[in-house]
Amino acid sequence: MDDLKIILEFSAGAELLFGNIKRRQLFLDGHKKWTIANLLKWMHANILTERPELFLQGDTVRPGILVLINDTDWELLGELDYELQANDNVLFISTLHGG
């Protein structure tokens with residue numbers, strides 16, 4: 001199986017935790033089942049550059065981070081259990097401001 005290509009996007013300040021890059025194209029190992037839970041662990045290990053506590057809380061995103069998958073609220077798609085599909089677009093929006 002080929003790599004699983006997805007797009008990650010960050011806005012409203014979430015990008016500041018990821019090297020100030022607003023859009024990334026990822027090629028994940030296509031032999032694996034990728035859920036949002038697995039993706040968050042991968043992001044923490046590989047691309048999260050600043051203050052992980054502002055993005056993650058335990059195994060999930062912290063309250064105040066909105067997650068949209070192909071423009072749909074992840075809460076409607078099973079949140080951490082959602083299985084990523086080729087060409088999915090995952091958008092993280094921070095509603096946390098101030099500091």
# chains A, B, ... in the order shown; residues from 1 in each chain; ligands from 1

call {"tool": "residues_around", "arguments": {"residues": "segment 52-59 of chain A", "least_positions_apart": "4", "cutoff": "9 Å", "atoms": "only C-alpha atoms", "output": "ChimeraX atom specification"}}
result
/A:14,17,37,40-41,44,48,63-65,80,94,96

call {"tool": "write_last_selection", "arguments": {"atoms": "N, CA, C and O atoms", "output": "short mmCIF file (atom, residue, chain, number, x, y, z; two decimals), in the first residue's frame"}}
result
data_model
loop_
_atom_site.label_atom_id
_atom_site.label_comp_id
_atom_site.auth_asym_id
_atom_site.auth_seq_id
_atom_site.Cartn_x
_atom_site.Cartn_y
_atom_site.Cartn_z
N ALA A 14 -2.73 28.45 16.23
CA ALA A 14 -2.27 27.07 16.41
C ALA A 14 -0.95 26.84 15.67
O ALA A 14 -0.10 26.06 16.12
N LEU A 17 2.61 26.88 17.35
CA LEU A 17 3.13 25.72 18.07
C LEU A 17 3.81 24.73 17.13
O LEU A 17 4.42 23.77 17.57
N ALA A 37 -6.17 9.82 16.83
CA ALA A 37 -5.35 9.57 18.02
C ALA A 37 -3.90 9.29 17.64
O ALA A 37 -2.97 9.86 18.22
N LEU A 40 -2.22 12.53 16.32
CA LEU A 40 -1.81 13.47 17.37
C LEU A 40 -0.50 13.03 18.00
O LEU A 40 0.38 13.86 18.27
N LYS A 41 -0.34 11.72 18.24
CA LYS A 41 0.93 11.22 18.80
C LYS A 41 2.08 11.49 17.83
O LYS A 41 3.17 11.90 18.24
N HIS A 44 2.96 15.17 17.88
CA HIS A 44 3.70 15.52 19.09
C HIS A 44 5.16 15.11 18.95
O HIS A 44 6.08 15.87 19.31
N LEU A 48 5.51 19.11 16.54
CA LEU A 48 5.11 20.07 17.57
C LEU A 48 6.37 20.67 18.18
O LEU A 48 7.18 19.96 18.76
N PRO A 63 -9.01 21.51 25.41
CA PRO A 63 -10.21 22.32 25.14
C PRO A 63 -9.77 23.67 24.58
O PRO A 63 -8.78 24.23 25.04
N GLY A 64 -10.49 24.14 23.58
CA GLY A 64 -10.11 25.41 22.96
C GLY A 64 -9.43 25.23 21.63
O GLY A 64 -9.17 26.19 20.91
N ILE A 65 -9.11 23.98 21.27
CA ILE A 65 -8.60 23.69 19.92
C ILE A 65 -9.73 23.02 19.15
O ILE A 65 -10.22 21.97 19.54
N LEU A 80 -11.24 11.06 18.21
CA LEU A 80 -9.95 10.35 18.15
C LEU A 80 -10.02 9.06 17.35
O LEU A 80 -9.00 8.59 16.83
N SER A 94 -7.07 27.36 16.86
CA SER A 94 -6.97 27.71 18.28
C SER A 94 -7.99 28.78 18.62
O SER A 94 -8.09 29.81 17.94
N LEU A 96 -7.79 29.80 21.77
CA LEU A 96 -7.12 30.25 23.00
C LEU A 96 -6.33 31.50 22.65
O LEU A 96 -5.46 31.46 21.80
#

call {"tool": "residues_around", "arguments": {"residues": "Asn20 of chain A", "least_positions_apart": "4", "cutoff": "10 Å", "atoms": "only C-alpha atoms", "output": "PyMOL selection string"}}
result
chain A and resi 10-11+13-16+49-50

call {"tool": "atom_distance", "arguments": {"atom1": "atom CA of Lys5 of chain A", "atom2": "atom CA of Gln25 of chain A"}}
result
7.0 Å

call {"tool": "select_by_dssp", "arguments": {"residues": "chain A", "states": "strand (DSSP E)", "output": "CSV table (one decimal) with N, CA and C atoms, in the first residue's frame"}}
result
chain,number,residue,atom,x,y,z
A,4,LEU,N,-0.1,7.3,2.8
A,4,LEU,CA,-1.3,7.9,3.0
A,4,LEU,C,-1.1,9.4,3.0
A,5,LYS,N,-1.6,10.1,2.0
A,5,LYS,CA,-1.3,11.6,1.9
A,5,LYS,C,-2.5,12.3,2.6
A,6,ILE,N,-2.1,13.2,3.5
A,6,ILE,CA,-3.1,14.1,4.1
A,6,ILE,C,-2.6,15.5,4.2
A,7,ILE,N,-3.4,16.4,4.4
A,7,ILE,CA,-3.1,17.8,4.6
A,7,ILE,C,-3.4,18.2,6.0
A,8,LEU,N,-2.4,18.9,6.7
A,8,LEU,CA,-2.7,19.4,8.0
A,8,LEU,C,-2.7,20.9,7.8
A,9,GLU,N,-3.6,21.6,8.5
A,9,GLU,CA,-3.6,23.1,8.5
A,9,GLU,C,-3.8,23.6,9.9
A,10,PHE,N,-3.2,24.7,10.1
A,10,PHE,CA,-3.3,25.3,11.5
A,10,PHE,C,-3.7,26.8,11.3
A,11,SER,N,-4.6,27.3,12.1
A,11,SER,CA,-4.9,28.7,12.1
A,11,SER,C,-5.2,29.3,13.4
A,23,ARG,N,0.4,25.2,6.7
A,23,ARG,CA,-0.1,24.1,5.9
A,23,ARG,C,1.0,23.1,5.7
A,24,ARG,N,0.7,21.9,5.9
A,24,ARG,CA,1.7,20.8,5.7
A,24,ARG,C,1.0,19.7,4.9
A,25,GLN,N,1.8,19.1,4.0
A,25,GLN,CA,1.3,17.9,3.3
A,25,GLN,C,2.1,16.8,3.9
A,26,LEU,N,1.4,15.8,4.4
A,26,LEU,CA,2.1,14.6,5.1
A,26,LEU,C,1.9,13.4,4.3
A,27,PHE,N,2.9,12.5,4.3
A,27,PHE,CA,2.9,11.2,3.7
A,27,PHE,C,3.1,10.2,4.8
A,28,LEU,N,2.0,9.6,5.3
A,28,LEU,CA,2.1,8.7,6.5
A,28,LEU,C,2.2,7.2,5.9
A,56,LEU,N,-2.0,19.8,23.4
A,56,LEU,CA,-2.5,18.5,23.9
A,56,LEU,C,-2.8,18.5,25.3
A,57,GLN,N,-3.8,17.7,25.7
A,57,GLN,CA,-4.1,17.4,27.1
A,57,GLN,C,-4.4,16.0,27.2
A,60,THR,N,-5.5,13.8,23.9
A,60,THR,CA,-6.3,14.5,22.9
A,60,THR,C,-5.9,16.0,22.8
A,61,VAL,N,-6.6,16.7,21.9
A,61,VAL,CA,-6.3,18.2,21.9
A,61,VAL,C,-6.9,18.8,23.1
A,65,ILE,N,-9.1,24.0,21.3
A,65,ILE,CA,-8.6,23.7,19.9
A,65,ILE,C,-9.7,23.0,19.1
A,66,LEU,N,-10.2,23.7,18.1
A,66,LEU,CA,-11.2,23.1,17.2
A,66,LEU,C,-10.5,22.2,16.2
A,67,VAL,N,-11.1,21.1,15.9
A,67,VAL,CA,-10.6,20.2,14.9
A,67,VAL,C,-11.6,20.0,13.8
A,68,LEU,N,-11.3,20.3,12.6
A,68,LEU,CA,-12.2,20.1,11.4
A,68,LEU,C,-11.5,19.1,10.5
A,69,ILE,N,-12.3,18.1,10.1
A,69,ILE,CA,-11.8,17.1,9.1
A,69,ILE,C,-12.6,17.3,7.8
A,72,THR,N,-15.6,19.4,8.4
A,72,THR,CA,-16.7,18.9,9.3
A,72,THR,C,-16.1,18.8,10.7
A,73,ASP,N,-16.8,19.2,11.7
A,73,ASP,CA,-16.4,19.1,13.1
A,73,ASP,C,-16.1,17.7,13.5
A,89,ASN,N,-8.2,16.5,4.8
A,89,ASN,CA,-7.7,17.8,5.3
A,89,ASN,C,-8.1,17.9,6.7
A,90,VAL,N,-7.1,18.1,7.6
A,90,VAL,CA,-7.3,18.2,9.0
A,90,VAL,C,-6.9,19.6,9.5
A,91,LEU,N,-7.8,20.4,9.9
A,91,LEU,CA,-7.6,21.8,10.3
A,91,LEU,C,-7.7,21.9,11.8
A,92,PHE,N,-6.7,22.5,12.4
A,92,PHE,CA,-6.7,22.8,13.8
A,92,PHE,C,-6.8,24.3,14.0
A,93,ILE,N,-7.8,24.8,14.8
A,93,ILE,CA,-8.0,26.2,15.0
A,93,ILE,C,-7.9,26.5,16.5
A,94,SER,N,-7.1,27.4,16.9
A,94,SER,CA,-7.0,27.7,18.3
A,94,SER,C,-8.0,28.8,18.6

call {"tool": "select_by_dssp", "arguments": {"residues": "segment 30-86 of chain A", "states": "alpha helix (DSSP H)", "output": "ChimeraX atom specification"}}
result
/A:36-46

call {"tool": "write_last_selection", "arguments": {"atoms": "all heavy atoms", "output": "PDB file, in the first residue's frame"}}
result
ATOM      1  N   ILE A  36      -7.128   9.688  14.236  1.00  0.00           N
ATOM      2  CA  ILE A  36      -6.724  10.997  14.747  1.00  0.00           C
ATOM      3  C   ILE A  36      -5.856  10.815  15.995  1.00  0.00           C
ATOM      4  O   ILE A  36      -4.881  11.544  16.197  1.00  0.00           O
ATOM      5  CB  ILE A  36      -7.947  11.877  15.044  1.00  0.00           C
ATOM      6  CG1 ILE A  36      -8.676  12.240  13.735  1.00  0.00           C
ATOM      7  CG2 ILE A  36      -7.545  13.136  15.791  1.00  0.00           C
ATOM      8  CD1 ILE A  36      -7.963  13.227  12.839  1.00  0.00           C
ATOM      9  N   ALA A  37      -6.167   9.819  16.825  1.00  0.00           N
ATOM     10  CA  ALA A  37      -5.353   9.568  18.024  1.00  0.00           C
ATOM     11  C   ALA A  37      -3.902   9.294  17.640  1.00  0.00           C
ATOM     12  O   ALA A  37      -2.970   9.861  18.224  1.00  0.00           O
ATOM     13  CB  ALA A  37      -5.931   8.388  18.813  1.00  0.00           C
ATOM     14  N   ASN A  38      -3.696   8.429  16.636  1.00  0.00           N
ATOM     15  CA  ASN A  38      -2.331   8.127  16.172  1.00  0.00           C
ATOM     16  C   ASN A  38      -1.676   9.365  15.577  1.00  0.00           C
ATOM     17  O   ASN A  38      -0.490   9.613  15.765  1.00  0.00           O
ATOM     18  CB  ASN A  38      -2.341   7.042  15.085  1.00  0.00           C
ATOM     19  CG  ASN A  38      -2.845   5.714  15.582  1.00  0.00           C
ATOM     20  OD1 ASN A  38      -2.966   5.501  16.772  1.00  0.00           O
ATOM     21  ND2 ASN A  38      -3.163   4.825  14.666  1.00  0.00           N
ATOM     22  N   LEU A  39      -2.461  10.129  14.826  1.00  0.00           N
ATOM     23  CA  LEU A  39      -1.932  11.340  14.195  1.00  0.00           C
ATOM     24  C   LEU A  39      -1.451  12.333  15.251  1.00  0.00           C
ATOM     25  O   LEU A  39      -0.370  12.926  15.106  1.00  0.00           O
ATOM     26  CB  LEU A  39      -2.998  11.988  13.309  1.00  0.00           C
ATOM     27  CG  LEU A  39      -2.580  13.313  12.657  1.00  0.00           C
ATOM     28  CD1 LEU A  39      -1.460  13.088  11.649  1.00  0.00           C
ATOM     29  CD2 LEU A  39      -3.774  13.984  11.995  1.00  0.00           C
ATOM     30  N   LEU A  40      -2.220  12.525  16.321  1.00  0.00           N
ATOM     31  CA  LEU A  40      -1.814  13.466  17.365  1.00  0.00           C
ATOM     32  C   LEU A  40      -0.496  13.029  18.005  1.00  0.00           C
ATOM     33  O   LEU A  40       0.380  13.856  18.267  1.00  0.00           O
ATOM     34  CB  LEU A  40      -2.905  13.600  18.431  1.00  0.00           C
ATOM     35  CG  LEU A  40      -4.186  14.310  17.979  1.00  0.00           C
ATOM     36  CD1 LEU A  40      -5.221  14.265  19.090  1.00  0.00           C
ATOM     37  CD2 LEU A  40      -3.922  15.736  17.542  1.00  0.00           C
ATOM     38  N   LYS A  41      -0.338  11.717  18.239  1.00  0.00           N
ATOM     39  CA  LYS A  41       0.932  11.223  18.796  1.00  0.00           C
ATOM     40  C   LYS A  41       2.076  11.491  17.832  1.00  0.00           C
ATOM     41  O   LYS A  41       3.165  11.897  18.236  1.00  0.00           O
ATOM     42  CB  LYS A  41       0.827   9.721  19.085  1.00  0.00           C
ATOM     43  CG  LYS A  41      -0.050   9.397  20.265  1.00  0.00           C
ATOM     44  CD  LYS A  41       0.012   7.904  20.601  1.00  0.00           C
ATOM     45  CE  LYS A  41      -0.925   7.565  21.726  1.00  0.00           C
ATOM     46  NZ  LYS A  41      -2.129   6.870  21.296  1.00  0.00           N
ATOM     47  N   TRP A  42       1.841  11.252  16.539  1.00  0.00           N
ATOM     48  CA  TRP A  42       2.870  11.499  15.526  1.00  0.00           C
ATOM     49  C   TRP A  42       3.229  12.987  15.488  1.00  0.00           C
ATOM     50  O   TRP A  42       4.410  13.344  15.428  1.00  0.00           O
ATOM     51  CB  TRP A  42       2.369  11.026  14.152  1.00  0.00           C
ATOM     52  CG  TRP A  42       3.417  11.172  13.097  1.00  0.00           C
ATOM     53  CD1 TRP A  42       4.298  10.212  12.684  1.00  0.00           C
ATOM     54  CD2 TRP A  42       3.704  12.350  12.323  1.00  0.00           C
ATOM     55  NE1 TRP A  42       5.125  10.743  11.714  1.00  0.00           N
ATOM     56  CE2 TRP A  42       4.785  12.037  11.476  1.00  0.00           C
ATOM     57  CE3 TRP A  42       3.163  13.634  12.280  1.00  0.00           C
ATOM     58  CZ2 TRP A  42       5.328  12.970  10.585  1.00  0.00           C
ATOM     59  CZ3 TRP A  42       3.706  14.567  11.404  1.00  0.00           C
ATOM     60  CH2 TRP A  42       4.773  14.223  10.564  1.00  0.00           C
ATOM     61  N   MET A  43       2.208  13.835  15.530  1.00  0.00           N
ATOM     62  CA  MET A  43       2.456  15.280  15.503  1.00  0.00           C
ATOM     63  C   MET A  43       3.289  15.710  16.707  1.00  0.00           C
ATOM     64  O   MET A  43       4.224  16.497  16.581  1.00  0.00           O
ATOM     65  CB  MET A  43       1.131  16.054  15.480  1.00  0.00           C
ATOM     66  CG  MET A  43       0.388  15.913  14.166  1.00  0.00           C
ATOM     67  SD  MET A  43      -1.317  16.503  14.274  1.00  0.00           S
ATOM     68  CE  MET A  43      -1.056  18.254  14.567  1.00  0.00           C
ATOM     69  N   HIS A  44       2.962  15.173  17.880  1.00  0.00           N
ATOM     70  CA  HIS A  44       3.702  15.524  19.094  1.00  0.00           C
ATOM     71  C   HIS A  44       5.160  15.112  18.953  1.00  0.00           C
ATOM     72  O   HIS A  44       6.075  15.870  19.309  1.00  0.00           O
ATOM     73  CB  HIS A  44       3.051  14.839  20.297  1.00  0.00           C
ATOM     74  CG  HIS A  44       3.648  15.252  21.604  1.00  0.00           C
ATOM     75  ND1 HIS A  44       3.754  14.397  22.660  1.00  0.00           N
ATOM     76  CD2 HIS A  44       4.178  16.430  22.025  1.00  0.00           C
ATOM     77  CE1 HIS A  44       4.325  15.029  23.690  1.00  0.00           C
ATOM     78  NE2 HIS A  44       4.585  16.266  23.322  1.00  0.00           N
ATOM     79  N   ALA A  45       5.396  13.924  18.412  1.00  0.00           N
ATOM     80  CA  ALA A  45       6.762  13.413  18.296  1.00  0.00           C
ATOM     81  C   ALA A  45       7.561  14.100  17.195  1.00  0.00           C
ATOM     82  O   ALA A  45       8.783  14.222  17.303  1.00  0.00           O
ATOM     83  CB  ALA A  45       6.717  11.903  18.034  1.00  0.00           C
ATOM     84  N   ASN A  46       6.895  14.562  16.147  1.00  0.00           N
ATOM     85  CA  ASN A  46       7.616  14.988  14.951  1.00  0.00           C
ATOM     86  C   ASN A  46       7.555  16.466  14.591  1.00  0.00           C
ATOM     87  O   ASN A  46       8.520  16.986  14.045  1.00  0.00           O
ATOM     88  CB  ASN A  46       7.127  14.178  13.737  1.00  0.00           C
ATOM     89  CG  ASN A  46       7.505  12.730  13.841  1.00  0.00           C
ATOM     90  OD1 ASN A  46       8.631  12.363  13.576  1.00  0.00           O
ATOM     91  ND2 ASN A  46       6.571  11.890  14.264  1.00  0.00           N
TER      92      ASN A  46
END
